[in-house]
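Colleague: Data: upload-v7.cif, mmCIF, C-alpha atoms and all ligand atoms.
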data_my_file
#
loop_
_atom_site.label_atom_id
_atom_site.label_comp_id
_atom_site.auth_asym_id
_atom_site.auth_seq_id
_atom_site.Cartn_x
_atom_site.Cartn_y
_atom_site.Cartn_z
CA MET A 1 0.00 0.00 0.00
CA PRO A 2 1.44 3.42 -0.87
CA ARG A 3 2.51 5.43 2.14
CA ALA A 4 4.09 8.82 2.57
CA TYR A 5 7.82 8.22 3.03
CA ALA A 6 9.68 9.83 5.91
CA GLY A 7 10.14 13.55 5.39
CA SER A 8 7.57 13.88 2.63
CA ALA A 9 4.49 15.94 3.22
CA MET A 10 1.23 15.49 1.47
CA ILE A 11 -1.39 17.51 3.25
CA ASP A 12 -5.12 17.53 2.43
CA LEU A 13 -7.13 19.85 4.68
CA HIS A 14 -10.76 19.15 3.69
CA ALA A 15 -12.60 15.83 4.01
CA HIS A 16 -16.06 14.68 5.08
CA SER A 17 -17.20 11.52 6.85
CA THR A 18 -20.48 9.93 7.89
CA ALA A 19 -20.56 12.52 10.71
CA SER A 20 -22.00 14.68 7.92
CA ASP A 21 -22.52 13.91 4.23
CA GLY A 22 -19.46 11.78 3.47
CA THR A 23 -20.07 8.09 2.77
CA THR A 24 -17.12 6.72 4.77
CA SER A 25 -16.67 6.69 8.55
CA PRO A 26 -14.02 8.90 10.20
CA THR A 27 -11.83 5.80 10.58
CA GLU A 28 -12.28 4.98 6.89
CA VAL A 29 -11.39 8.56 5.91
CA VAL A 30 -8.09 8.26 7.78
CA ALA A 31 -7.46 4.79 6.31
CA ALA A 32 -8.17 6.14 2.83
CA ALA A 33 -5.78 9.02 3.55
CA ARG A 34 -3.07 6.49 4.38
CA ASP A 35 -3.83 4.59 1.16
CA ALA A 36 -3.66 7.84 -0.85
CA GLY A 37 -0.18 8.49 0.55
CA LEU A 38 -1.20 11.50 2.64
CA SER A 39 0.95 12.52 5.60
CA THR A 40 -1.83 14.74 7.02
CA VAL A 41 -5.58 14.86 6.60
CA ALA A 42 -8.15 17.24 8.08
CA LEU A 43 -11.61 16.00 9.01
CA THR A 44 -13.97 18.91 8.30
CA ASP A 45 -17.54 17.71 8.60
CA HIS A 46 -20.40 20.14 8.06
CA ASP A 47 -21.40 21.94 11.26
CA THR A 48 -20.14 19.24 13.64
CA THR A 49 -17.14 17.92 15.53
CA ALA A 50 -18.87 14.57 16.12
CA GLY A 51 -16.32 12.62 14.06
CA TRP A 52 -13.24 13.96 15.83
CA ASP A 53 -12.75 11.38 18.58
CA GLU A 54 -13.00 8.42 16.24
CA ALA A 55 -10.59 10.10 13.81
CA VAL A 56 -8.04 10.69 16.58
CA GLY A 57 -7.94 6.98 17.28
CA ALA A 58 -7.60 6.19 13.58
CA SER A 59 -4.79 8.73 13.20
CA THR A 60 -2.64 6.69 15.58
CA ALA A 61 -3.76 3.37 14.12
CA TYR A 62 -3.00 4.34 10.50
CA GLY A 63 -0.03 6.67 11.02
CA VAL A 64 -1.60 9.75 9.41
CA ALA A 65 -1.47 13.13 11.15
CA LEU A 66 -4.91 14.59 11.83
CA VAL A 67 -6.12 18.17 11.78
CA ARG A 68 -9.45 18.46 13.58
CA GLY A 69 -11.71 20.87 11.76
CA ILE A 70 -15.24 21.83 10.79
CA GLU A 71 -16.94 23.33 7.74
CA ILE A 72 -19.53 25.89 8.79
CA SER A 73 -22.34 26.65 6.37
CA CYS A 74 -22.80 30.43 6.31
CA SER A 75 -25.13 32.72 4.45
CA HIS A 76 -24.38 36.20 3.16
CA ARG A 77 -27.69 37.79 2.16
CA GLY A 78 -28.95 34.46 0.89
CA THR A 79 -25.72 33.39 -0.81
CA SER A 80 -24.29 30.21 0.67
CA ILE A 81 -20.66 30.34 1.81
CA HIS A 82 -18.62 27.60 3.48
CA LEU A 83 -16.10 28.46 6.17
CA LEU A 84 -13.52 25.91 7.27
CA GLY A 85 -12.40 26.19 10.89
CA TYR A 86 -9.23 24.40 11.91
CA LEU A 87 -8.41 23.34 15.48
CA PRO A 88 -11.17 25.26 17.30
CA ASP A 89 -12.13 24.38 20.87
CA PRO A 90 -15.25 22.20 20.48
CA ALA A 91 -16.26 23.09 24.05
CA ASP A 92 -16.40 26.81 23.25
CA GLU A 93 -19.99 27.63 24.17
CA ALA A 94 -20.72 30.18 21.47
CA LEU A 95 -19.36 27.92 18.75
CA ALA A 96 -21.09 24.80 20.07
CA GLU A 97 -24.43 26.62 20.31
CA GLU A 98 -24.16 28.00 16.80
CA LEU A 99 -23.36 24.58 15.35
CA GLU A 100 -26.24 22.99 17.26
CA HIS A 101 -28.62 25.68 16.01
CA ALA A 102 -27.54 24.97 12.42
CA ARG A 103 -27.90 21.20 12.84
CA ARG A 104 -31.40 21.52 14.31
CA SER A 105 -32.44 23.83 11.50
CA ARG A 106 -31.04 21.39 8.94
CA VAL A 107 -33.47 18.71 10.20
CA THR A 108 -36.61 20.84 9.81
CA ARG A 109 -35.34 22.16 6.50
CA LEU A 110 -34.82 18.64 5.13
CA GLN A 111 -38.28 17.61 6.36
CA ARG A 112 -39.80 20.57 4.52
CA MET A 113 -37.91 19.75 1.32
CA VAL A 114 -39.15 16.15 1.49
CA GLU A 115 -42.74 17.35 2.10
CA ARG A 116 -42.55 19.53 -1.00
CA MET A 117 -41.16 16.67 -3.05
CA ALA A 118 -43.78 14.20 -1.79
CA ALA A 119 -46.54 16.74 -2.54
CA ALA A 120 -45.26 16.85 -6.13
CA GLY A 121 -45.56 13.07 -6.39
CA ILE A 122 -41.91 12.11 -5.88
CA PRO A 123 -41.92 8.85 -3.91
CA ILE A 124 -39.98 9.87 -0.83
CA SER A 125 -40.58 10.26 2.90
CA TYR A 126 -38.42 11.64 5.70
CA ALA A 127 -38.12 8.08 7.05
CA ASP A 128 -36.48 7.13 3.74
CA VAL A 129 -34.00 9.97 4.24
CA LEU A 130 -33.26 8.96 7.84
CA GLY A 131 -32.52 5.48 6.53
CA GLN A 132 -29.50 7.02 4.76
CA VAL A 133 -28.19 8.87 7.83
CA ASP A 134 -25.45 7.23 9.90
CA GLY A 135 -26.73 8.12 13.38
CA PRO A 136 -28.30 10.72 15.65
CA GLU A 137 -25.06 12.74 15.78
CA THR A 138 -24.82 13.11 12.01
CA THR A 139 -25.35 16.52 10.40
CA VAL A 140 -28.06 15.93 7.81
CA GLY A 141 -27.98 17.55 4.38
CA ARG A 142 -29.31 17.39 0.86
CA PRO A 143 -26.94 14.51 -0.01
CA HIS A 144 -28.98 12.32 2.35
CA ILE A 145 -32.12 13.08 0.32
CA ALA A 146 -30.05 12.27 -2.76
CA ASP A 147 -29.06 8.91 -1.27
CA ALA A 148 -32.73 8.14 -0.50
CA LEU A 149 -33.67 8.95 -4.11
CA VAL A 150 -30.89 6.65 -5.32
CA ALA A 151 -32.08 3.88 -2.99
CA LYS A 152 -35.61 4.27 -4.42
CA GLY A 153 -34.28 4.12 -7.97
CA VAL A 154 -35.50 7.63 -8.76
CA VAL A 155 -32.00 8.79 -9.80
CA PRO A 156 -28.74 6.93 -10.46
CA ASP A 157 -26.45 9.01 -8.23
CA ARG A 158 -26.07 12.08 -6.03
CA SER A 159 -25.09 14.37 -8.90
CA SER A 160 -28.26 13.55 -10.84
CA ALA A 161 -30.31 14.12 -7.69
CA PHE A 162 -28.79 17.60 -7.35
CA ALA A 163 -29.30 18.35 -11.03
CA ASP A 164 -32.94 17.22 -11.06
CA TYR A 165 -34.32 17.96 -7.57
CA LEU A 166 -31.95 19.44 -5.01
CA SER A 167 -30.21 22.52 -6.39
CA ASP A 168 -30.91 25.85 -4.73
CA ARG A 169 -32.81 26.81 -7.88
CA SER A 170 -35.19 23.86 -7.59
CA PRO A 171 -38.81 24.37 -6.44
CA TYR A 172 -38.20 21.93 -3.57
CA PHE A 173 -35.25 23.82 -2.13
CA VAL A 174 -35.57 25.19 1.41
CA SER A 175 -32.72 27.01 3.16
CA HIS A 176 -31.61 26.40 6.74
CA TYR A 177 -30.31 28.67 9.48
CA ALA A 178 -26.74 29.72 8.72
CA PRO A 179 -24.66 32.44 10.35
CA ASP A 180 -23.27 35.46 8.55
CA PRO A 181 -19.71 34.70 7.36
CA VAL A 182 -18.11 37.65 9.18
CA ALA A 183 -19.75 36.50 12.43
CA ALA A 184 -18.60 32.93 11.74
CA VAL A 185 -15.00 34.07 11.21
CA ARG A 186 -15.08 35.79 14.61
CA LEU A 187 -16.71 32.73 16.20
CA VAL A 188 -13.93 30.42 14.98
CA ARG A 189 -11.20 32.83 16.14
CA ARG A 190 -12.83 33.25 19.55
CA ALA A 191 -12.85 29.47 19.86
CA GLY A 192 -9.09 29.58 19.22
CA GLY A 193 -9.36 28.13 15.71
CA VAL A 194 -8.18 29.28 12.31
CA PRO A 195 -10.85 30.23 9.72
CA VAL A 196 -10.27 29.51 6.03
CA MET A 197 -12.87 30.22 3.37
CA ALA A 198 -13.75 27.03 1.46
CA HIS A 199 -13.93 27.07 -2.37
CA PRO A 200 -14.60 30.86 -2.50
CA PHE A 201 -15.10 31.10 -6.27
CA ALA A 202 -16.96 27.86 -7.04
CA SER A 203 -19.52 29.55 -9.29
CA ALA A 204 -20.43 26.28 -11.04
CA ARG A 205 -22.15 25.02 -7.87
CA GLY A 206 -24.13 28.19 -7.13
CA ARG A 207 -23.89 31.90 -6.44
CA VAL A 208 -20.63 33.19 -4.97
CA VAL A 209 -19.93 36.39 -3.03
CA ALA A 210 -18.08 39.47 -4.25
CA ASP A 211 -14.44 39.99 -3.28
CA SER A 212 -15.61 42.82 -1.01
CA VAL A 213 -17.31 40.23 1.23
CA ILE A 214 -14.07 38.23 1.38
CA ALA A 215 -12.28 41.47 2.29
CA SER A 216 -14.74 42.00 5.18
CA MET A 217 -14.08 38.45 6.34
CA ALA A 218 -10.32 39.15 6.15
CA GLY A 219 -10.90 42.24 8.29
CA ALA A 220 -12.64 40.06 10.88
CA GLY A 221 -9.75 37.58 11.10
CA LEU A 222 -10.00 35.20 8.16
CA GLY A 223 -6.69 33.36 7.85
CA GLY A 224 -6.73 31.93 4.36
CA LEU A 225 -8.48 31.02 1.15
CA GLU A 226 -8.92 27.49 -0.19
CA VAL A 227 -7.76 28.33 -3.70
CA GLU A 228 -6.68 24.96 -5.05
CA HIS A 229 -9.97 23.04 -5.32
CA ARG A 230 -11.57 21.08 -8.16
CA ASP A 231 -14.54 23.44 -8.33
CA HIS A 232 -12.28 26.35 -9.38
CA THR A 233 -11.20 27.10 -12.94
CA ALA A 234 -7.60 28.05 -13.74
CA GLN A 235 -8.66 31.70 -13.90
CA GLN A 236 -10.43 31.49 -10.54
CA ARG A 237 -7.28 30.00 -9.00
CA ALA A 238 -5.09 32.74 -10.45
CA HIS A 239 -7.53 35.34 -9.11
CA GLY A 240 -7.60 33.59 -5.73
CA HIS A 241 -3.83 33.71 -5.37
CA ASP A 242 -3.85 37.43 -6.28
CA LEU A 243 -6.69 38.23 -3.89
CA ALA A 244 -5.06 36.28 -1.04
CA ARG A 245 -1.80 38.17 -1.57
CA SER A 246 -3.54 41.52 -1.56
CA LEU A 247 -5.50 40.70 1.60
CA GLY A 248 -2.56 39.13 3.45
CA LEU A 249 -4.14 35.66 3.51
CA PHE A 250 -2.46 32.28 3.05
CA THR A 251 -3.80 29.78 0.50
CA THR A 252 -4.63 26.10 0.84
CA GLY A 253 -5.40 23.26 -1.55
CA SER A 254 -7.70 20.38 -0.65
CA SER A 255 -9.85 17.63 -2.09
CA ASP A 256 -13.21 18.09 -0.28
CA PHE A 257 -13.44 14.30 -0.18
CA HIS A 258 -16.95 12.86 0.40
CA GLY A 259 -16.18 9.14 0.00
CA GLU A 260 -18.19 7.67 -2.87
CA GLY A 261 -20.63 10.58 -2.73
CA LYS A 262 -18.50 12.72 -5.04
CA LEU A 263 -15.68 12.26 -7.53
CA ASN A 264 -13.21 14.20 -5.33
CA ARG A 265 -10.24 11.99 -4.43
CA LEU A 266 -8.05 12.51 -1.33
CA GLY A 267 -4.82 14.31 -2.18
CA GLU A 268 -5.99 15.64 -5.55
CA TYR A 269 -5.08 19.11 -4.22
CA THR A 270 -2.73 19.71 -1.32
CA THR A 271 -1.51 22.36 1.11
CA SER A 272 2.11 23.27 1.85
CA LEU A 273 3.94 22.35 5.04
CA GLU A 274 4.54 26.08 5.65
CA VAL A 275 0.82 26.85 5.60
CA LEU A 276 0.04 23.92 7.90
CA ALA A 277 2.71 25.27 10.28
CA GLN A 278 1.08 28.70 10.16
CA ILE A 279 -2.35 27.21 10.93
CA GLU A 280 -0.86 25.35 13.89
CA ALA A 281 0.93 28.47 15.10
CA GLU A 282 -2.25 30.57 14.89
CA ALA A 283 -4.44 28.02 16.69
CA VAL A 284 -4.70 28.97 20.37
CA SER A 285 -7.47 26.56 21.43
CA GLY A 286 -5.25 23.89 22.93
CA ILE A 287 -6.47 21.53 20.20
CA ARG A 288 -3.30 20.37 18.45
CA VAL A 289 -2.58 18.48 15.26
CA VAL A 290 -2.48 14.79 16.21
CA ARG A 291 0.87 13.36 15.16
CA PRO A 292 1.08 9.59 15.43
P1 LIG B 301 -26.48 21.07 2.20
O1 LIG B 301 -25.36 21.09 3.20
O2 LIG B 301 -27.64 20.32 2.66
O3 LIG B 301 -26.83 22.44 1.71
O4 LIG B 301 -25.93 20.29 0.92
C1 LIG B 301 -24.75 20.73 0.30
C2 LIG B 301 -23.77 19.57 0.13
O5 LIG B 301 -24.18 18.80 -0.96
C3 LIG B 301 -22.36 20.05 -0.19
O6 LIG B 301 -21.53 19.91 0.92
C4 LIG B 301 -21.88 19.17 -1.28
O7 LIG B 301 -20.88 18.31 -0.84
C5 LIG B 301 -23.06 18.33 -1.67
N1 LIG B 301 -23.31 18.51 -3.12
C6 LIG B 301 -23.63 19.65 -3.75
N2 LIG B 301 -23.79 19.44 -5.08
C7 LIG B 301 -23.53 18.12 -5.28
C8 LIG B 301 -23.52 17.29 -6.43
N3 LIG B 301 -23.80 17.75 -7.64
N4 LIG B 301 -23.20 15.98 -6.26
C9 LIG B 301 -22.93 15.49 -5.05
N5 LIG B 301 -22.93 16.23 -3.92
C10 LIG B 301 -23.23 17.53 -4.03
ZN ZN B 302 -20.70 18.14 1.81
FE FE B 303 -18.15 23.13 1.02
FE FE B 304 -16.80 20.34 2.04
#
Can you dump the structure from the file as structure tokens?
Ligand code: AMP
Ligand code: ZN
Ligand code: FE
Ligand code: FE

Modeller:
Amino acid sequence: MPRAYAGSAMIDLHAHSTASDGTTSPTEVVAAARDAGLSTVALTDHDTTAGWDEAVGASTAYGVALVRGIEISCSHRGTSIHLLGYLPDPADEALAEELEHARRSRVTRLQRMVERMAAAGIPISYADVLGQVDGPETTVGRPHIADALVAKGVVPDRSSAFADYLSDRSPYFVSHYAPDPVAAVRLVRRAGGVPVMAHPFASARGRVVADSVIASMAGAGLGGLEVEHRDHTAQQRAHGHDLARSLGLFTTGSSDFHGEGKLNRLGEYTTSLEVLAQIEAEAVSGIRVVRP
């Protein structure tokens, strides 16, 4: 099995597990990271730290360093933004409350989406969706509706489900509670973590915010931009590097792995050792990178 050789660094700072909408458990994410030759992987489930403890154990078992993180769904005047937070204190009350609020809202939002779909004659119930969710701690999302539609034979895969039923332009779409991105940046910093804006320019997947919003986030303490990501074109990457330089932000590259739920493969984009060191240096939560 391929493995990072001593001294090499292959760092992927964005991956999802069954604690949110990934299809592999935290342990399997770390095992897959080892198989992909990664030296370091970050577990960044949507709006939850529920996968962290399992991943810590797997980090030691599989010999892959682990960065504990989250990906917070934010909303700027109705435009969805994702904010990665690395090494925050999960016991920070303000952060924990905000994440819990978002997770609760995600449940009612998914129920409403399913009601709309059922009313339109699509054969799906919320029980079908729950059948696709790993456990009570899991952050639910549209991919779980997608998985229920696949299980029912309505669509062949998650991508088709998004194209046909689940996009934010679809008549069934309902939004959920999500904090403002500037507030979320402050929340992550106050919890001692390091905020990095995920896929800032991914216009193919939906609306994106103007650079002025990113500048406001930088003013509030944003650390970096995830520039190297499969959802960015070459021009968007070039622009991202320029914008990061002008705002004094570092840049990362990551896969946004979701197991079999998406094509993204671990290690397809990576982050430098220097940037990982900066993230570690800026984190003041007491949560450290786990080094086996
Ligand atoms: P939600 O968090 O419920 O708003 O759902 C958004 C999640 O759905 C994102 O984290 C993506 O990973 C996933 N997603 C969005 N578009 C697609 C797609 N075309 N195929 C598979 N997954 C997708
Ligand atoms: Zn996701
Ligand atoms: Fe994202
Ligand atoms: Fe993600």

Colleague: I want to know what sits within 10 Å of stretch 126-131 of chain A, based on all atoms listed in the file, with residues of the same chain fewer than 5 positions away left out; could you give that as a list in words?

Modeller: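 The contact residues come out as Val107, Leu110, Gln111, Arg112, Met113, Val114, Glu115, Ala118, Pro136, Val140, Gly141, Arg142, Pro143, His144, Ile145, Ala146, Asp147, Ala148, Leu149, Ala151 and Lys152 of chain A.
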
Colleague: Which residues sit within 10 Å of ligand FE 304 (chain B), counting all atoms listed in the file, listed as a compact mmCIF listing (two decimals) with C-alpha atoms, keeping the file's coordinate frame?

Modeller:
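In the end it all went to part-v2.txt:
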# COMPACT_ATOMS: atom_id res chain seq x y z
CA HIS A 14 -10.76 19.15 3.69
CA ALA A 15 -12.60 15.83 4.01
CA HIS A 16 -16.06 14.68 5.08
CA SER A 20 -22.00 14.68 7.92
CA ASP A 21 -22.52 13.91 4.23
CA GLY A 22 -19.46 11.78 3.47
CA LEU A 43 -11.61 16.00 9.01
CA THR A 44 -13.97 18.91 8.30
CA ASP A 45 -17.54 17.71 8.60
CA HIS A 46 -20.40 20.14 8.06
CA ILE A 70 -15.24 21.83 10.79
CA GLU A 71 -16.94 23.33 7.74
CA ILE A 72 -19.53 25.89 8.79
CA SER A 73 -22.34 26.65 6.37
CA HIS A 82 -18.62 27.60 3.48
CA LEU A 83 -16.10 28.46 6.17
CA LEU A 84 -13.52 25.91 7.27
CA ALA A 198 -13.75 27.03 1.46
CA HIS A 199 -13.93 27.07 -2.37
CA SER A 254 -7.70 20.38 -0.65
CA SER A 255 -9.85 17.63 -2.09
CA ASP A 256 -13.21 18.09 -0.28
CA PHE A 257 -13.44 14.30 -0.18
CA HIS A 258 -16.95 12.86 0.40

Colleague: Using only C-alpha atoms, can you tell me which of A:Gln235, A:Thr139, A:Thr251, A:Thr108 comes closest to A:Ala19?

Modeller: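 Counting only C-alpha atoms, the residue closest to A:Ala19 is A:Thr139.
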
Colleague: I'd like to know which of A:Ala218, A:Leu243, A:Met10, A:Leu263 is closest to A:Val185, using only C-alpha atoms.

Modeller: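 That would be A:Ala218, the residue with the smallest distance to A:Val185.
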
Colleague: Residues near stretch 285-287 of chain A, anyone? I mean within 10 Å using only C-alpha atoms, not counting same-chain ones fewer than 4 positions away, as a list in words.

Modeller: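 Using only C-alpha atoms, the neighbours found are Val67, Arg68, Gly69, Tyr86, Leu87, Pro88, Asp89, Pro90, Ala91, Asp92, Val188, Arg189, Arg190, Ala191, Gly192, Gly193, Val194 and Glu280 of chain A.
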
Colleague: Hey, which bits of stretch 36-151 of chain A sit within 6 Å of stretch 157-179 of chain A, and for each residue what's the closest pair of atoms and how far apart in Å (one decimal), counting all atoms listed in the file, rows by chain and increasing number, as JSON lines?

Modeller:
{"residue": "A:Ser73", "atom": "CA", "partner": "A:Ala178", "partner_atom": "CA", "distance": 5.9}
{"residue": "A:Cys74", "atom": "CA", "partner": "A:Ala178", "partner_atom": "CA", "distance": 4.7}
{"residue": "A:Ser75", "atom": "CA", "partner": "A:Ala178", "partner_atom": "CA", "distance": 5.5}
{"residue": "A:Ala102", "atom": "CA", "partner": "A:Tyr177", "partner_atom": "CA", "distance": 5.5}
{"residue": "A:Ser105", "atom": "CA", "partner": "A:His176", "partner_atom": "CA", "distance": 5.5}
{"residue": "A:Arg106", "atom": "CA", "partner": "A:His176", "partner_atom": "CA", "distance": 5.5}
{"residue": "A:Arg109", "atom": "CA", "partner": "A:His176", "partner_atom": "CA", "distance": 5.7}
{"residue": "A:Met113", "atom": "CA", "partner": "A:Tyr172", "partner_atom": "CA", "distance": 5.4}
{"residue": "A:Arg116", "atom": "CA", "partner": "A:Tyr172", "partner_atom": "CA", "distance": 5.6}
{"residue": "A:Ala146", "atom": "CA", "partner": "A:Arg158", "partner_atom": "CA", "distance": 5.2}
{"residue": "A:Val150", "atom": "CA", "partner": "A:Asp157", "partner_atom": "CA", "distance": 5.8}

Colleague: Can you work out the spacing between atom CA of A:Glu260 and atom CA of A:Gly57 in Å, to one decimal?

Modeller: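 Taking atom CA of A:Glu260 as the start and atom CA of A:Gly57 as the end point, the length is 22.6 Å.
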
Colleague: Mind pulling up the distance from atom N3 of ligand LIG 301 (chain B) to atom CA of A:Ser17?

Modeller: 17.1 Å

Colleague: Mind pulling up the distance from atom CA of A:Ala96 to atom CA of A:Ala215?

Modeller: 25.9 Å

Colleague: Let me make sure I understand: among A:Arg205, A:Arg186, A:Arg103, A:His76, which one has the smallest atom-to-atom distance to ligand FE 303 (chain B) if we use all atoms listed in the file?

Modeller: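 Closest to ligand FE 303 (chain B), using all atoms listed in the file: A:Arg205.
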
Colleague: Taking all atoms listed in the file into account, name the residue in A:Ile279, A:Pro26, A:Phe201, A:Ala55 that is nearest to A:His241.

Modeller: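 Result for the nearest residue to A:His241: A:Phe201.
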
Colleague: Find, counting all atoms listed in the file, the residue in A:Val29, A:Leu225, A:Ala120, A:Ala184 that gets nearest to A:Ala244.

Modeller: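 When distances to A:Ala244 are compared using all atoms listed in the file, the smallest one comes from A:Leu225.
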
Colleague: Using the file's own x, y and z axes, what box holds all listed atoms of stretch 273-284 of chain A with 6 Å on each side, keeping edges along x, y and z, and what are its centre and edge lengths in Å to one decimal, as AutoDock Vina command-line options?

Modeller:
--center_x -0.1 --center_y 26.5 --center_z 12.7 --size_x 21.2 --size_y 20.2 --size_z 27.3

Colleague: Residues at most 9 Å from A:Arg291, counting all atoms listed in the file, excluding those fewer than 2 positions away in the same chain, as a tab-separated table (two decimals) with C-alpha atoms, in the coordinates of the input?

Modeller:
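Resulting contents of around.tsv:
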chain	number	residue	atom	x	y	z
A	40	THR	CA	-1.83	14.74	7.02
A	59	SER	CA	-4.79	8.73	13.20
A	60	THR	CA	-2.64	6.69	15.58
A	63	GLY	CA	-0.03	6.67	11.02
A	64	VAL	CA	-1.60	9.75	9.41
A	65	ALA	CA	-1.47	13.13	11.15
A	66	LEU	CA	-4.91	14.59	11.83
A	288	ARG	CA	-3.30	20.37	18.45
A	289	VAL	CA	-2.58	18.48	15.26

Colleague: For A:Tyr269, which of A:Met117, A:Val209, A:Val30, A:Val227 is the closest residue, counting only C-alpha atoms?

Modeller: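 Using only C-alpha atoms, the shortest distance to A:Tyr269 belongs to A:Val227.
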
Colleague: Which residues are near A:Ile214? Cut-off 9 Å, all atoms listed in the file, ignore same chain within fewer than 3 positions. Put them as a ChimeraX atom specification.

Modeller: /A:181-182,197,200,209-211,217-219,222,247

Colleague: Within 12 Å of (-5.5, 6.6, 0.1), only C-alpha atoms: residues as a PyMOL selection string?

Modeller: chain A and resi 1-4+10+12+28-41+62+64+257+259+265-268

Colleague: Atoms to include: C-alpha atoms. Write the selected residues as a PDB file, in the coordinates of the input.

Modeller:
ATOM      1  CA  MET A   1       0.000   0.000   0.000  1.00  0.00           C
ATOM      2  CA  PRO A   2       1.440   3.420  -0.870  1.00  0.00           C
ATOM      3  CA  ARG A   3       2.510   5.430   2.140  1.00  0.00           C
ATOM      4  CA  ALA A   4       4.090   8.820   2.570  1.00  0.00           C
ATOM      5  CA  MET A  10       1.230  15.490   1.470  1.00  0.00           C
ATOM      6  CA  ASP A  12      -5.120  17.530   2.430  1.00  0.00           C
ATOM      7  CA  GLU A  28     -12.280   4.980   6.890  1.00  0.00           C
ATOM      8  CA  VAL A  29     -11.390   8.560   5.910  1.00  0.00           C
ATOM      9  CA  VAL A  30      -8.090   8.260   7.780  1.00  0.00           C
ATOM     10  CA  ALA A  31      -7.460   4.790   6.310  1.00  0.00           C
ATOM     11  CA  ALA A  32      -8.170   6.140   2.830  1.00  0.00           C
ATOM     12  CA  ALA A  33      -5.780   9.020   3.550  1.00  0.00           C
ATOM     13  CA  ARG A  34      -3.070   6.490   4.380  1.00  0.00           C
ATOM     14  CA  ASP A  35      -3.830   4.590   1.160  1.00  0.00           C
ATOM     15  CA  ALA A  36      -3.660   7.840  -0.850  1.00  0.00           C
ATOM     16  CA  GLY A  37      -0.180   8.490   0.550  1.00  0.00           C
ATOM     17  CA  LEU A  38      -1.200  11.500   2.640  1.00  0.00           C
ATOM     18  CA  SER A  39       0.950  12.520   5.600  1.00  0.00           C
ATOM     19  CA  THR A  40      -1.830  14.740   7.020  1.00  0.00           C
ATOM     20  CA  VAL A  41      -5.580  14.860   6.600  1.00  0.00           C
ATOM     21  CA  TYR A  62      -3.000   4.340  10.500  1.00  0.00           C
ATOM     22  CA  VAL A  64      -1.600   9.750   9.410  1.00  0.00           C
ATOM     23  CA  PHE A 257     -13.440  14.300  -0.180  1.00  0.00           C
ATOM     24  CA  GLY A 259     -16.180   9.140   0.000  1.00  0.00           C
ATOM     25  CA  ARG A 265     -10.240  11.990  -4.430  1.00  0.00           C
ATOM     26  CA  LEU A 266      -8.050  12.510  -1.330  1.00  0.00           C
ATOM     27  CA  GLY A 267      -4.820  14.310  -2.180  1.00  0.00           C
ATOM     28  CA  GLU A 268      -5.990  15.640  -5.550  1.00  0.00           C
TER      29      GLU A 268
END
